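This is protein_21.txt. It holds compact mmCIF, C-alpha atoms.
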# COMPACT_ATOMS: atom_id res chain seq x y z
CA MET A 1 -9.66 4.39 -72.75
CA THR A 2 -6.36 3.91 -74.55
CA THR A 3 -4.51 6.49 -76.61
CA VAL A 4 -5.49 4.63 -79.80
CA GLN A 5 -9.16 4.65 -78.78
CA LEU A 6 -8.91 8.36 -78.05
CA TYR A 7 -7.51 9.00 -81.51
CA CYS A 8 -10.28 7.03 -83.23
CA ALA A 9 -12.97 8.87 -81.27
CA LEU A 10 -11.83 12.34 -82.40
CA PRO A 11 -13.53 14.34 -85.16
CA VAL A 12 -11.53 14.68 -88.38
CA ARG A 13 -10.40 18.23 -87.59
CA ALA A 14 -9.35 17.23 -84.12
CA CYS A 15 -7.47 14.22 -85.51
CA ASN A 16 -5.41 16.52 -87.72
CA SER A 17 -4.47 18.68 -84.76
CA TYR A 18 -3.87 15.62 -82.64
CA ARG A 19 -0.92 14.84 -84.92
CA MET A 20 0.51 18.23 -83.96
CA ALA A 21 0.40 17.32 -80.28
CA SER A 22 0.34 13.54 -80.57
CA HIS A 23 1.55 12.80 -77.06
CA ILE A 24 -0.39 13.08 -73.86
CA PRO A 25 1.26 15.88 -71.86
CA ALA A 26 3.40 14.64 -69.01
CA LEU A 27 2.01 15.31 -65.58
CA PRO A 28 4.10 17.38 -63.18
CA GLN A 29 5.99 14.99 -60.92
CA SER A 30 4.14 16.06 -57.78
CA PHE A 31 0.87 14.96 -59.38
CA THR A 32 1.99 11.63 -60.82
CA PRO A 33 -0.34 9.06 -59.24
CA GLY A 34 0.97 6.36 -56.95
CA THR A 35 0.22 2.67 -57.25
CA ASP A 36 -2.95 3.08 -55.19
CA SER A 37 -4.55 5.69 -57.43
CA VAL A 38 -7.98 4.84 -58.78
CA PHE A 39 -9.58 5.81 -62.06
CA SER A 40 -12.84 4.23 -63.12
CA ASP A 41 -15.31 5.91 -65.42
CA GLN A 42 -17.70 3.05 -64.70
CA SER A 43 -18.05 3.63 -60.97
CA GLY A 44 -17.58 7.40 -61.10
CA PHE A 45 -15.23 7.38 -58.12
CA TYR A 46 -11.71 8.70 -58.23
CA SER A 47 -8.95 8.57 -55.66
CA LEU A 48 -7.93 12.19 -55.96
CA ASP A 49 -5.49 12.58 -53.13
CA SER A 50 -3.31 15.14 -54.91
CA ASN A 51 -4.82 18.10 -53.06
CA VAL A 52 -8.19 17.53 -54.74
CA PRO A 53 -11.17 16.58 -52.59
CA GLY A 54 -12.94 13.54 -53.92
CA LEU A 55 -14.66 10.26 -53.26
CA SER A 56 -12.81 6.97 -53.44
CA LYS A 57 -13.40 3.26 -53.23
CA VAL A 58 -12.45 3.44 -49.55
CA ILE A 59 -15.53 5.59 -48.95
CA LEU A 60 -17.67 3.16 -50.93
CA ASP A 61 -16.53 0.30 -48.71
CA LYS A 62 -17.21 2.28 -45.55
CA LEU A 63 -20.72 3.13 -46.71
CA ASN A 64 -21.46 -0.51 -47.60
CA MET A 65 -22.14 0.50 -51.19
CA LYS A 66 -21.08 -1.37 -54.28
CA ASP A 67 -21.05 1.47 -56.77
CA TYR A 68 -21.51 5.17 -57.38
CA GLY A 69 -25.17 4.77 -58.27
CA GLU A 70 -26.00 3.65 -54.76
CA TYR A 71 -24.24 6.66 -53.31
CA ARG A 72 -26.20 9.01 -55.58
CA ALA A 73 -29.46 7.33 -54.56
CA ALA A 74 -28.60 7.71 -50.88
CA VAL A 75 -27.68 11.39 -50.93
CA GLY A 76 -30.72 12.02 -53.09
CA GLY A 77 -32.92 10.69 -50.30
CA LYS A 78 -33.84 7.46 -52.10
CA LEU A 79 -32.84 5.04 -49.39
CA GLN A 80 -34.70 2.05 -50.79
CA GLY A 81 -32.32 -0.84 -51.22
CA ILE A 82 -29.52 0.93 -49.32
CA SER A 83 -28.28 -0.77 -46.20
CA PHE A 84 -29.26 2.10 -43.90
CA ARG A 85 -32.29 1.80 -41.66
CA ASN A 86 -32.57 5.54 -41.04
CA TYR A 87 -30.78 8.86 -41.40
CA LYS A 88 -29.03 8.41 -38.06
CA GLU A 89 -27.30 5.28 -39.30
CA MET A 90 -26.36 6.98 -42.56
CA PHE A 91 -24.82 10.00 -40.82
CA GLN A 92 -22.85 7.59 -38.64
CA LYS A 93 -21.60 5.68 -41.67
CA MET A 94 -20.59 8.89 -43.38
CA GLU A 95 -18.65 9.92 -40.28
CA GLU A 96 -16.88 6.56 -40.34
CA THR A 97 -15.32 7.47 -43.68
CA PHE A 98 -13.24 10.01 -41.74
CA LYS A 99 -12.24 7.55 -39.01
CA PHE A 100 -8.55 6.87 -39.34
CA CYS A 101 -5.61 7.99 -37.27
CA ALA A 102 -4.43 11.33 -38.65
CA SER A 103 -0.91 10.53 -37.46
CA CYS A 104 -0.23 6.91 -38.45
CA ASN A 105 -3.23 6.38 -40.80
CA LYS A 106 -4.35 3.31 -38.87
CA LEU A 107 -7.95 2.22 -39.58
CA PRO A 108 -10.37 0.99 -36.87
CA GLU A 109 -10.08 -2.62 -38.02
CA HIS A 110 -6.31 -2.51 -37.49
CA LEU A 111 -6.48 -1.45 -33.83
CA ALA A 112 -5.67 -3.76 -30.97
CA GLU A 113 -8.54 -5.32 -29.04
CA GLY A 114 -10.10 -2.78 -26.69
CA GLN A 115 -8.47 0.13 -28.52
CA ALA A 116 -10.60 2.80 -30.23
CA LEU A 117 -10.07 5.91 -32.28
CA LYS A 118 -10.76 9.10 -30.35
CA ARG A 119 -11.78 12.39 -31.90
CA CYS A 120 -10.01 15.71 -31.36
CA VAL A 121 -12.26 17.50 -28.84
CA LYS A 122 -11.66 20.89 -30.48
CA CYS A 123 -12.40 20.27 -34.15
CA LEU A 124 -14.49 17.07 -33.77
CA ASN A 125 -13.14 16.08 -37.14
CA VAL A 126 -9.88 14.13 -36.99
CA TYR A 127 -9.15 10.97 -35.02
CA TYR A 128 -6.17 9.41 -33.22
CA CYS A 129 -5.48 5.88 -32.08
CA THR A 130 -3.28 6.86 -29.10
CA LYS A 131 -2.36 9.95 -27.10
CA GLU A 132 1.16 9.59 -28.45
CA CYS A 133 -0.09 9.84 -32.05
CA GLN A 134 -2.07 12.95 -31.12
CA ARG A 135 0.99 14.48 -29.44
CA VAL A 136 3.20 13.80 -32.45
CA ASP A 137 0.61 15.19 -34.86
CA TRP A 138 -0.22 18.33 -32.89
CA PRO A 139 2.40 20.64 -34.51
CA GLN A 140 0.70 20.00 -37.88
CA HIS A 141 -2.87 19.73 -36.62
CA LYS A 142 -2.89 22.94 -34.59
CA ARG A 143 -2.61 24.97 -37.81
CA ALA A 144 -5.68 23.26 -39.29
CA CYS A 145 -7.78 22.51 -36.19
CA LYS A 146 -9.96 25.62 -36.28
CA THR A 147 -10.73 25.28 -39.99
CA LEU A 148 -11.42 21.56 -39.68
CA ARG A 149 -14.11 22.35 -37.12
CA LEU A 150 -15.87 24.41 -39.78
CA VAL A 151 -15.50 21.56 -42.26
CA ALA A 152 -17.10 19.09 -39.84
CA VAL A 153 -20.14 21.34 -39.37
CA ASP A 154 -20.44 22.13 -43.09
CA ARG A 155 -20.53 18.52 -44.22
CA LEU A 156 -23.65 18.00 -42.11
CA VAL A 157 -25.36 21.31 -42.95
CA GLU A 158 -24.70 20.63 -46.64
CA TRP A 159 -27.46 18.02 -46.44
CA LEU A 160 -29.91 20.93 -46.64
CA ILE A 161 -29.02 21.33 -50.32
CA PHE A 162 -30.61 17.93 -50.97
CA THR A 163 -33.65 18.62 -48.80
CA GLY A 164 -34.34 21.87 -50.69
CA ASP A 165 -33.78 24.23 -47.75
CA LEU A 166 -30.73 25.61 -49.54
CA PRO A 167 -29.98 27.66 -51.51
CA PHE A 168 -32.11 30.47 -50.14
CA PRO A 169 -33.48 33.06 -52.62
CA THR A 170 -31.38 36.12 -53.34
CA GLY A 171 -32.44 39.65 -54.19
CA THR A 172 -32.44 41.65 -57.39
CA TRP A 173 -29.16 43.40 -58.16
CA SER A 174 -29.12 47.15 -57.70
CA LYS A 175 -25.78 47.49 -59.50
CA THR A 176 -24.53 46.40 -62.90
CA ALA A 177 -22.45 43.28 -63.40
CA THR A 178 -19.42 45.48 -64.06
CA GLU A 179 -19.83 47.21 -60.70
CA VAL A 180 -20.13 43.97 -58.70
CA ARG A 181 -16.53 42.85 -58.62
CA ASN A 182 -16.41 40.53 -55.58
CA TRP A 183 -18.36 39.11 -52.62
CA GLU A 184 -18.16 42.42 -50.75
CA ASP A 185 -19.99 44.17 -53.58
CA TRP A 186 -22.54 41.35 -53.77
CA PHE A 187 -23.25 41.53 -50.02
CA ALA A 188 -23.80 45.28 -50.21
CA MET A 189 -26.79 44.71 -52.51
CA GLN A 190 -28.43 41.96 -50.44
CA GLY A 191 -29.19 43.84 -47.23
CA ASP A 192 -29.57 41.96 -43.95
CA LEU A 193 -29.42 38.19 -44.60
CA THR A 194 -30.25 37.29 -40.98
CA PRO A 195 -33.99 36.64 -41.51
CA ARG A 196 -33.26 34.28 -44.41
CA LEU A 197 -30.55 32.47 -42.44
CA ASP A 198 -32.72 32.17 -39.32
CA ALA A 199 -35.56 30.64 -41.32
CA ILE A 200 -33.21 27.82 -42.28
CA LEU A 201 -31.89 27.44 -38.74
CA SER A 202 -35.45 26.87 -37.47
CA SER A 203 -36.42 24.45 -40.25
CA PRO A 204 -37.44 20.83 -39.46
CA ASN A 205 -34.60 19.48 -41.61
CA MET A 206 -31.99 21.44 -39.65
CA ALA A 207 -33.43 19.94 -36.45
CA ALA A 208 -33.29 16.47 -38.03
CA ILE A 209 -29.56 16.83 -38.75
CA TRP A 210 -28.62 17.43 -35.12
CA LYS A 211 -31.06 14.84 -33.87
CA ASN A 212 -29.27 12.19 -35.94
CA ALA A 213 -25.66 13.43 -36.04
CA SER A 214 -23.09 12.06 -33.64
CA ARG A 215 -22.21 15.46 -32.19
CA SER A 216 -23.91 18.29 -30.33
CA LYS A 217 -25.58 21.14 -32.19
CA PRO A 218 -23.37 24.25 -32.63
CA ASP A 219 -24.67 27.63 -31.50
CA ASP A 220 -26.80 29.71 -33.86
CA SER A 221 -23.97 32.05 -34.81
CA GLU A 222 -21.83 29.14 -35.97
CA LEU A 223 -24.74 27.62 -37.88
CA ARG A 224 -25.51 30.91 -39.66
CA GLN A 225 -21.93 31.07 -40.85
CA SER A 226 -22.10 27.46 -42.03
CA VAL A 227 -25.34 28.06 -43.95
CA TRP A 228 -23.73 31.04 -45.68
CA ARG A 229 -20.65 29.00 -46.61
CA ILE A 230 -22.85 26.34 -48.23
CA GLN A 231 -24.80 29.07 -50.02
CA SER A 232 -21.56 30.67 -51.24
CA GLU A 233 -20.41 27.41 -52.82
CA PHE A 234 -23.69 27.15 -54.76
CA LEU A 235 -23.57 30.80 -55.86
CA SER A 236 -19.87 30.59 -56.70
CA ARG A 237 -20.62 28.36 -59.68
CA VAL A 238 -23.28 30.66 -61.16
CA LEU A 239 -21.29 33.83 -60.51
CA SER A 240 -18.20 32.24 -62.06
CA VAL A 241 -20.22 31.73 -65.24
CA GLY A 242 -21.07 35.45 -65.12
CA VAL A 243 -17.39 36.29 -64.62
CA ALA A 244 -16.57 34.23 -67.72
CA VAL A 245 -19.24 36.03 -69.76
CA LYS A 246 -17.71 39.39 -68.81
CA HIS A 247 -14.16 38.13 -69.25
CA PHE A 248 -14.69 37.22 -72.91
CA GLY A 249 -16.67 40.38 -73.65
CA LEU A 250 -19.91 38.51 -74.43
CA ASP A 251 -22.97 40.75 -74.32
CA PRO A 252 -26.20 38.99 -73.30
CA TYR A 253 -28.11 42.23 -73.91
CA VAL A 254 -27.31 42.13 -77.63
CA LYS A 255 -27.92 38.44 -78.42
CA PRO A 256 -28.97 35.25 -76.62
CA LEU A 257 -26.11 33.19 -75.18
CA THR A 258 -25.56 29.44 -75.12
CA ILE A 259 -23.20 28.21 -72.39
CA HIS A 260 -22.02 24.62 -72.14
CA LEU A 261 -20.88 23.35 -68.76
CA VAL A 262 -18.48 20.47 -69.46
CA GLY A 263 -17.54 17.71 -67.06
CA ALA A 264 -20.75 18.22 -65.09
CA SER A 265 -21.16 15.66 -62.31
CA TYR A 266 -23.21 14.97 -59.21
CA ASN A 267 -21.79 18.18 -57.67
CA GLU A 268 -23.68 20.37 -60.15
CA THR A 269 -26.65 18.15 -61.03
CA MET A 270 -27.68 16.22 -57.91
CA GLY A 271 -30.90 17.80 -56.70
CA ALA A 272 -30.53 20.49 -59.37
CA ARG A 273 -33.56 22.66 -60.06
CA LEU A 274 -34.65 24.53 -63.14
CA THR A 275 -34.08 27.80 -61.25
CA ASP A 276 -30.48 27.12 -60.18
CA CYS A 277 -29.00 29.66 -62.60
CA ASP A 278 -31.47 32.47 -61.94
CA GLU A 279 -28.69 34.54 -60.39
CA LEU A 280 -27.56 35.14 -63.98
CA THR A 281 -30.82 37.01 -64.56
CA HIS A 282 -30.13 39.12 -61.47
CA MET A 283 -26.65 39.72 -62.87
CA PHE A 284 -27.81 40.55 -66.41
CA PRO A 285 -31.41 41.84 -66.17
CA GLU A 286 -33.23 42.31 -69.50
CA HIS A 287 -30.87 39.82 -71.18
CA GLN A 288 -31.95 38.30 -74.50
CA GLY A 289 -32.12 34.76 -73.13
CA MET A 290 -29.46 32.41 -71.76
CA GLU A 291 -29.14 28.65 -72.06
CA VAL A 292 -26.92 26.53 -69.80
CA VAL A 293 -26.34 22.95 -70.98
CA MET A 294 -24.62 20.67 -68.45
CA VAL A 295 -22.77 17.78 -70.08
CA GLY A 296 -20.94 14.97 -68.30
CA PRO A 297 -20.91 11.19 -67.82
CA GLU A 298 -21.95 11.58 -64.17
CA VAL A 299 -24.97 13.83 -64.70
CA VAL A 300 -27.67 12.80 -62.23
CA ASP A 301 -31.26 12.15 -63.31
CA GLY A 302 -33.65 14.96 -62.46
CA PRO A 303 -35.77 17.77 -63.89
CA ILE A 304 -32.85 19.35 -65.74
CA LEU A 305 -32.17 16.13 -67.67
CA ARG A 306 -33.99 17.32 -70.75
CA PRO A 307 -33.00 18.13 -74.34
CA PRO A 308 -31.17 21.37 -75.10
CA LEU A 309 -32.89 24.14 -77.03
CA ARG A 310 -32.90 24.02 -80.82
CA ALA A 311 -34.13 27.62 -80.95
CA PHE A 312 -33.57 30.41 -78.47
CA GLY A 313 -35.88 30.55 -75.48
CA PRO A 314 -37.71 33.56 -74.03
CA ARG A 315 -35.95 36.75 -73.04
CA LYS A 316 -34.98 37.37 -69.39
CA GLN A 317 -34.99 33.64 -68.61
CA VAL A 318 -32.23 31.08 -68.11
CA TYR A 319 -33.00 27.65 -69.57
CA ILE A 320 -31.09 24.74 -67.98
CA SER A 321 -30.74 21.32 -69.54
CA ALA A 322 -28.40 18.38 -69.04
CA HIS A 323 -26.96 15.57 -71.15
CA LYS A 324 -25.36 12.42 -69.77
CA GLY A 325 -22.21 11.64 -71.75
CA LEU A 326 -18.75 12.81 -72.71
CA TYR A 327 -18.58 16.26 -74.25
CA HIS A 328 -16.87 15.33 -77.51
CA GLN A 329 -19.53 12.67 -78.08
CA PHE A 330 -22.28 15.20 -77.26
CA TRP A 331 -20.71 17.52 -79.82
CA GLU A 332 -20.72 14.87 -82.56
CA ASP A 333 -24.13 13.38 -81.77
CA VAL A 334 -26.09 16.50 -80.83
CA VAL A 335 -24.33 19.75 -81.79
CA GLU A 336 -23.13 18.67 -85.25
CA GLU A 337 -26.57 17.21 -85.95
CA GLU A 338 -27.97 20.68 -85.20
CA GLU A 339 -30.06 19.40 -82.31
CA ALA A 340 -28.38 21.93 -80.03
CA ALA A 341 -26.81 25.35 -80.52
CA LYS A 342 -23.07 25.77 -80.71
CA PRO A 343 -21.76 27.40 -77.53
CA ASP A 344 -20.75 30.99 -77.13
CA LEU A 345 -18.84 29.92 -74.03
CA VAL A 346 -17.73 26.68 -72.37
CA VAL A 347 -17.21 26.51 -68.61
CA GLY A 348 -15.71 23.68 -66.56
CA PHE A 349 -15.68 23.44 -62.77
CA HIS A 350 -12.63 21.62 -61.38
CA PRO A 351 -11.92 19.39 -64.38
CA GLY A 352 -9.14 17.66 -62.43
CA PHE A 353 -7.23 16.50 -65.52
CA HIS A 354 -4.02 17.32 -63.65
CA ALA A 355 -4.63 14.62 -61.04
CA ASN A 356 -3.71 11.46 -62.92
CA ARG A 357 -3.09 10.12 -66.39
CA GLY A 358 -6.49 8.42 -66.62
CA LEU A 359 -8.36 11.67 -66.09
CA LEU A 360 -6.13 13.48 -68.58
CA GLU A 361 -6.79 10.82 -71.21
CA GLY A 362 -10.51 11.17 -70.59
CA TRP A 363 -10.36 14.95 -71.04
CA LEU A 364 -8.02 15.04 -74.04
CA PRO A 365 -10.65 14.82 -76.85
CA THR A 366 -12.67 17.61 -75.23
CA LEU A 367 -9.65 19.86 -74.73
CA LEU A 368 -8.58 19.42 -78.35
CA LEU A 369 -12.11 20.09 -79.56
CA LEU A 370 -12.31 23.32 -77.57
CA ARG A 371 -8.96 24.39 -78.95
CA ASP A 372 -9.58 23.54 -82.60
CA TYR A 373 -13.06 25.06 -82.73
CA ASN A 374 -11.73 28.23 -81.09
CA ILE A 375 -14.36 28.18 -78.33
CA PRO A 376 -13.98 30.66 -75.44
CA SER A 377 -13.35 28.44 -72.41
CA PHE A 378 -13.19 29.15 -68.69
CA PHE A 379 -12.12 26.45 -66.19
CA THR A 380 -11.95 26.78 -62.41
CA MET A 381 -9.52 25.12 -59.98
CA TYR A 382 -9.35 24.34 -56.27
CA SER A 383 -5.92 25.78 -55.57
CA GLU A 384 -2.85 27.58 -56.85
CA MET A 385 -1.10 24.21 -57.16
CA GLU A 386 -3.86 22.82 -59.37
CA LEU A 387 -3.83 26.04 -61.39
CA GLN A 388 -0.12 25.79 -62.14
CA SER A 389 -0.33 22.09 -63.04
CA SER A 390 -3.30 22.72 -65.33
CA LEU A 391 -1.50 25.62 -67.02
CA HIS A 392 1.43 23.31 -67.67
CA ILE A 393 -0.81 20.76 -69.39
CA LEU A 394 -2.74 23.31 -71.45
CA THR A 395 0.50 24.94 -72.56
CA GLU A 396 1.78 21.56 -73.77
CA LEU A 397 -1.43 21.26 -75.77
CA GLU A 398 -0.55 24.60 -77.41
CA MET A 399 -3.63 26.32 -76.00
CA HIS A 400 -3.83 30.09 -76.23
CA ILE A 401 -4.08 31.07 -72.54
CA ARG A 402 -5.95 34.34 -72.27
CA ASP A 403 -5.68 34.83 -68.52
CA SER A 404 -5.48 33.05 -65.18
CA GLY A 405 -5.62 33.96 -61.51
CA GLN A 406 -7.79 34.11 -58.41
CA ASN A 407 -11.55 34.04 -58.81
CA PRO A 408 -13.27 36.99 -57.06
CA PHE A 409 -16.24 34.72 -56.32
CA THR A 410 -14.45 31.75 -54.80
CA SER A 411 -16.51 29.57 -52.49
CA GLN A 412 -16.17 30.48 -48.82
CA LYS A 413 -16.52 26.84 -47.73
CA PRO A 414 -13.19 25.14 -46.93
CA GLU A 415 -12.73 21.65 -48.39
CA GLN A 416 -10.77 19.05 -46.45
CA VAL A 417 -8.28 16.90 -48.30
CA GLN A 418 -9.84 13.66 -47.15
CA SER A 419 -6.77 11.46 -46.89
CA CYS A 420 -4.58 14.20 -45.35
CA PRO A 421 -6.81 16.37 -43.15
CA ASN A 422 -3.97 18.55 -41.90
CA LYS A 423 -3.12 19.76 -45.39
CA PRO A 424 -4.20 23.33 -46.08
CA PRO A 425 -7.86 23.32 -47.14
CA VAL A 426 -8.85 24.15 -50.69
CA TYR A 427 -11.84 26.12 -51.95
CA CYS A 428 -14.17 25.50 -54.88
CA ASN A 429 -13.61 27.82 -57.83
CA SER A 430 -10.77 29.62 -56.08
CA HIS A 431 -8.75 30.03 -59.29
CA TYR A 432 -9.49 30.12 -62.99
CA ILE A 433 -7.93 29.75 -66.43
CA SER A 434 -9.43 31.31 -69.54
CA PHE A 435 -8.26 30.05 -72.89
CA GLN A 436 -9.35 30.13 -76.51
CA GLY A 437 -8.02 28.47 -79.61
CA LEU A 438 -4.52 27.57 -80.68
CA LEU A 439 -1.49 29.48 -79.51
CA PRO A 440 -0.65 32.08 -82.17
CA ARG A 441 1.90 30.76 -84.65
CA LYS A 442 4.46 33.47 -83.85
CA GLU A 443 4.50 32.25 -80.25
CA LEU A 444 4.88 28.63 -81.35
CA GLU A 445 7.93 29.35 -83.50
CA GLU A 446 11.22 29.39 -81.68
CA PRO A 447 13.60 32.27 -82.53
CA ARG A 448 16.18 31.39 -85.10
CA PRO A 449 19.80 31.31 -83.96
CA GLU A 450 21.92 34.27 -85.04
CA ASN A 451 24.49 33.74 -87.79

Rewritten as structure tokens:
Amino acid sequence: MTTVQLYCALPVRACNSYRMASHIPALPQSFTPGTDSVFSDQSGFYSLDSNVPGLSKVILDKLNMKDYGEYRAAVGGKLQGISFRNYKEMFQKMEETFKFCASCNKLPEHLAEGQALKRCVKCLNVYYCTKECQRVDWPQHKRACKTLRLVAVDRLVEWLIFTGDLPFPTGTWSKTATEVRNWEDWFAMQGDLTPRLDAILSSPNMAAIWKNASRSKPDDSELRQSVWRIQSEFLSRVLSVGVAVKHFGLDPYVKPLTIHLVGASYNETMGARLTDCDELTHMFPEHQGMEVVMVGPEVVDGPILRPPLRAFGPRKQVYISAHKGLYHQFWEDVVEEEEAAKPDLVVGFHPGFHANRGLLEGWLPTLLLLRDYNIPSFFTMYSEMELQSSLHILTELEMHIRDSGQNPFTSQKPEQVQSCPNKPPVYCNSHYISFQGLLPRKELEEPRPEN
């Protein structure tokens, strides 16, 4: 989408403000994409190598898939038409996406005849083409080796999200949302999680993973920790919404709330269930009703793909719906036509508009809309670096930044930077930015020079 197309697609009010900030903010130099960067809103795959985990066309090629739709069908368990004969072959193909020399980046097809990539025996995650490459890389790898072992286990256990074994049910809160400030407080209310974790460890789908994976099964202690990390990533999204509700002083006990989740993708909607946001009811018991509408071009078909509410739903329930499309178009076609309620809050998980110019252009109409309609907005980031780059962009757009910092409910699951495994891992929802409306005029005006 070009800058001209972006301008034409904006509502009238947004067009007026677009003249105030008519340029697309420059990306910080460290995040300017190289010549190999990929942006395609048709395939849904992005080469996000700037410290942001993501899928790329390299992974598509390795999985023998032609587009993003085939990947979604595969991870959703719909293997018809996919070139995998069974789960064993699919797990092997997924592992092959990580097969490149961590030192010289050499791929298997570039090795000499008789040569093969060999996996680090400690982390079972990264590969080397020669002992010399492993020796050279060890000073960097030794700092990441232990964490990368966790990553390797988690990416297999994560399959249980799609089989329905995860997330496991959580208990009713015995404290108020104000009193539960972090994971430690949340754990204190849940009691002993061991029985719930052990039920998953003994499930048929857990057995199927290690029957088909190309590695031995870890011990039960390691698997329990992995299951919790996957659970924490799921809960982190819902709890971050609750943090945003508290942050902006919204009171779900006084009136029903409508929350729009912008930029929703396969991460939030693949295998999503109508009960996925029930933790909000644990967090705010006796609330007047809450609606979560997920909007994004990569929303996956499923039970939540249904129209939003035109009138408020029942008390003490969270209604989830989803809409496939860009948010500014959803606003014009659905919200302005009064087929959906205007949001009390907008939340975005890892928008990634800092990563390359294409993504920023795609997000620009939505960011301007949120600013000009003065909508309380809460976006999460993977890392401090992404936080600072995003703050830079939002400041250039003259956003009124309310607050930013570390999220008390960050995911506990480390994420590997796929192209550079020895980089420090990042964590979903580890940081946040809250913003609302246009920067106050007095802050926009520069001080006049003294006479």

Each side padded by 6 Å, which centre and which edge lengths in Å (one decimal) define the axis-aligned box around the listed atoms of region 174-182 of chain A? Give them as lines of an AutoDock Vina configuration file.
center_x = -22.8
center_y = 44.0
center_z = -59.8
size_x = 24.7
size_y = 19.0
size_z = 20.5

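Distances to Ser377 (chain A) were evaluated for A:Gly352, A:Pro343, A:Gly271, A:Gly358 using all atoms listed in the file, and the minimum falls at A:Pro343.
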
Spatial neighbours of Pro167 (chain A), max dist 8 Å, all atoms listed in the file, sep filter under 2 positions, as an mmCIF file with C-alpha atoms, in the coordinates of the input:
data_model
loop_
_atom_site.group_PDB
_atom_site.id
_atom_site.type_symbol
_atom_site.label_atom_id
_atom_site.label_comp_id
_atom_site.auth_asym_id
_atom_site.auth_seq_id
_atom_site.Cartn_x
_atom_site.Cartn_y
_atom_site.Cartn_z
ATOM 1 C CA ILE A 161 -29.020 21.330 -50.320
ATOM 2 C CA GLY A 164 -34.340 21.870 -50.690
ATOM 3 C CA ASP A 165 -33.780 24.230 -47.750
ATOM 4 C CA PRO A 169 -33.480 33.060 -52.620
ATOM 5 C CA ILE A 230 -22.850 26.340 -48.230
ATOM 6 C CA GLN A 231 -24.800 29.070 -50.020
ATOM 7 C CA PHE A 234 -23.690 27.150 -54.760
#

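Minimum atom-to-atom distances from A:Asn267, A:Ser103, A:Gln317, A:Thr281 to Val299 (chain A) were compared using only C-alpha atoms, and the lowest value belongs to A:Asn267.
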
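Of note, CA of Ser236 (chain A) and CA of Thr410 (chain A) are spaced 5.9 Å apart.
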
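The two atoms in question, CA of Ala264 (chain A) and CA of Ile393 (chain A), are spaced 20.6 Å apart.
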
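The coordinates place CA of Pro285 (chain A) at 15.2 Å from CA of Val243 (chain A).
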
So which one's closest to Trp173 (chain A), A:Glu279, A:Glu298, A:Glu361, A:Asp220? Using all atoms listed in the file, please. A:Glu279

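Closest approach to Glu291 (chain A) from the set A:Glu109, A:Asp344, A:Glu332, A:Asp251 is made by A:Asp344, with distances taken over all atoms listed in the file.
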
Could you name the residues that touch Cys428 (chain A) at 10 Å or less, counting only C-alpha atoms, but leaving out those on the same chain fewer than 4 positions away, as a PyMOL selection string? chain A and resi 52-53+232-234+236-237+349-350+380-383+407+409-415

Take the residues just selected and output them with C-alpha atoms as a short mmCIF file (atom, residue, chain, number, x, y, z; two decimals), keeping the file's coordinate frame.
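Once written, selection.cif looks like this:
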data_model
loop_
_atom_site.label_atom_id
_atom_site.label_comp_id
_atom_site.auth_asym_id
_atom_site.auth_seq_id
_atom_site.Cartn_x
_atom_site.Cartn_y
_atom_site.Cartn_z
CA VAL A 52 -8.19 17.53 -54.74
CA PRO A 53 -11.17 16.58 -52.59
CA SER A 232 -21.56 30.67 -51.24
CA GLU A 233 -20.41 27.41 -52.82
CA PHE A 234 -23.69 27.15 -54.76
CA SER A 236 -19.87 30.59 -56.70
CA ARG A 237 -20.62 28.36 -59.68
CA PHE A 349 -15.68 23.44 -62.77
CA HIS A 350 -12.63 21.62 -61.38
CA THR A 380 -11.95 26.78 -62.41
CA MET A 381 -9.52 25.12 -59.98
CA TYR A 382 -9.35 24.34 -56.27
CA SER A 383 -5.92 25.78 -55.57
CA ASN A 407 -11.55 34.04 -58.81
CA PHE A 409 -16.24 34.72 -56.32
CA THR A 410 -14.45 31.75 -54.80
CA SER A 411 -16.51 29.57 -52.49
CA GLN A 412 -16.17 30.48 -48.82
CA LYS A 413 -16.52 26.84 -47.73
CA PRO A 414 -13.19 25.14 -46.93
CA GLU A 415 -12.73 21.65 -48.39
#

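Considering all atoms listed in the file, the residue among A:Val292, A:Ala102, A:Glu338, A:Ala199 positioned nearest to Ile320 (chain A) is A:Val292.
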
Cut-off 7 Å around (-12.2, 14.8, -40.5) with only C-alpha atoms: residues as number ranges by chain: A: 98, 125-126, 148, 152, 421

Next, the residues of the selection above should be written as a CSV table (one decimal), in the frame of the given file with C-alpha atoms.
chain,number,residue,atom,x,y,z
A,98,PHE,CA,-13.2,10.0,-41.7
A,125,ASN,CA,-13.1,16.1,-37.1
A,126,VAL,CA,-9.9,14.1,-37.0
A,148,LEU,CA,-11.4,21.6,-39.7
A,152,ALA,CA,-17.1,19.1,-39.8
A,421,PRO,CA,-6.8,16.4,-43.2

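Proximity of A:Cys120, A:Val227, A:Val153, A:Met290 to Leu166 (chain A), computed with all atoms listed in the file, is greatest for A:Val227.
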
Contacts of Leu257 (chain A) at 12 Å (all atoms listed in the file; same-chain gap of 5+ positions) as a PyMOL selection string: chain A and resi 241-242+245+249-252+280+284+287-293+309+311-319+341-346

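Residues in contact with Asp185 (chain A) at 12 Å, where all atoms listed in the file are counted and same-chain residues fewer than 4 positions away are skipped, are listed as A:Trp173, A:Ser174, A:Lys175, A:Thr176, A:Ala177, A:Thr178, A:Glu179, A:Val180, A:Arg181, A:Met189, A:Gln190, A:Gly191, A:Pro408, A:Phe409.
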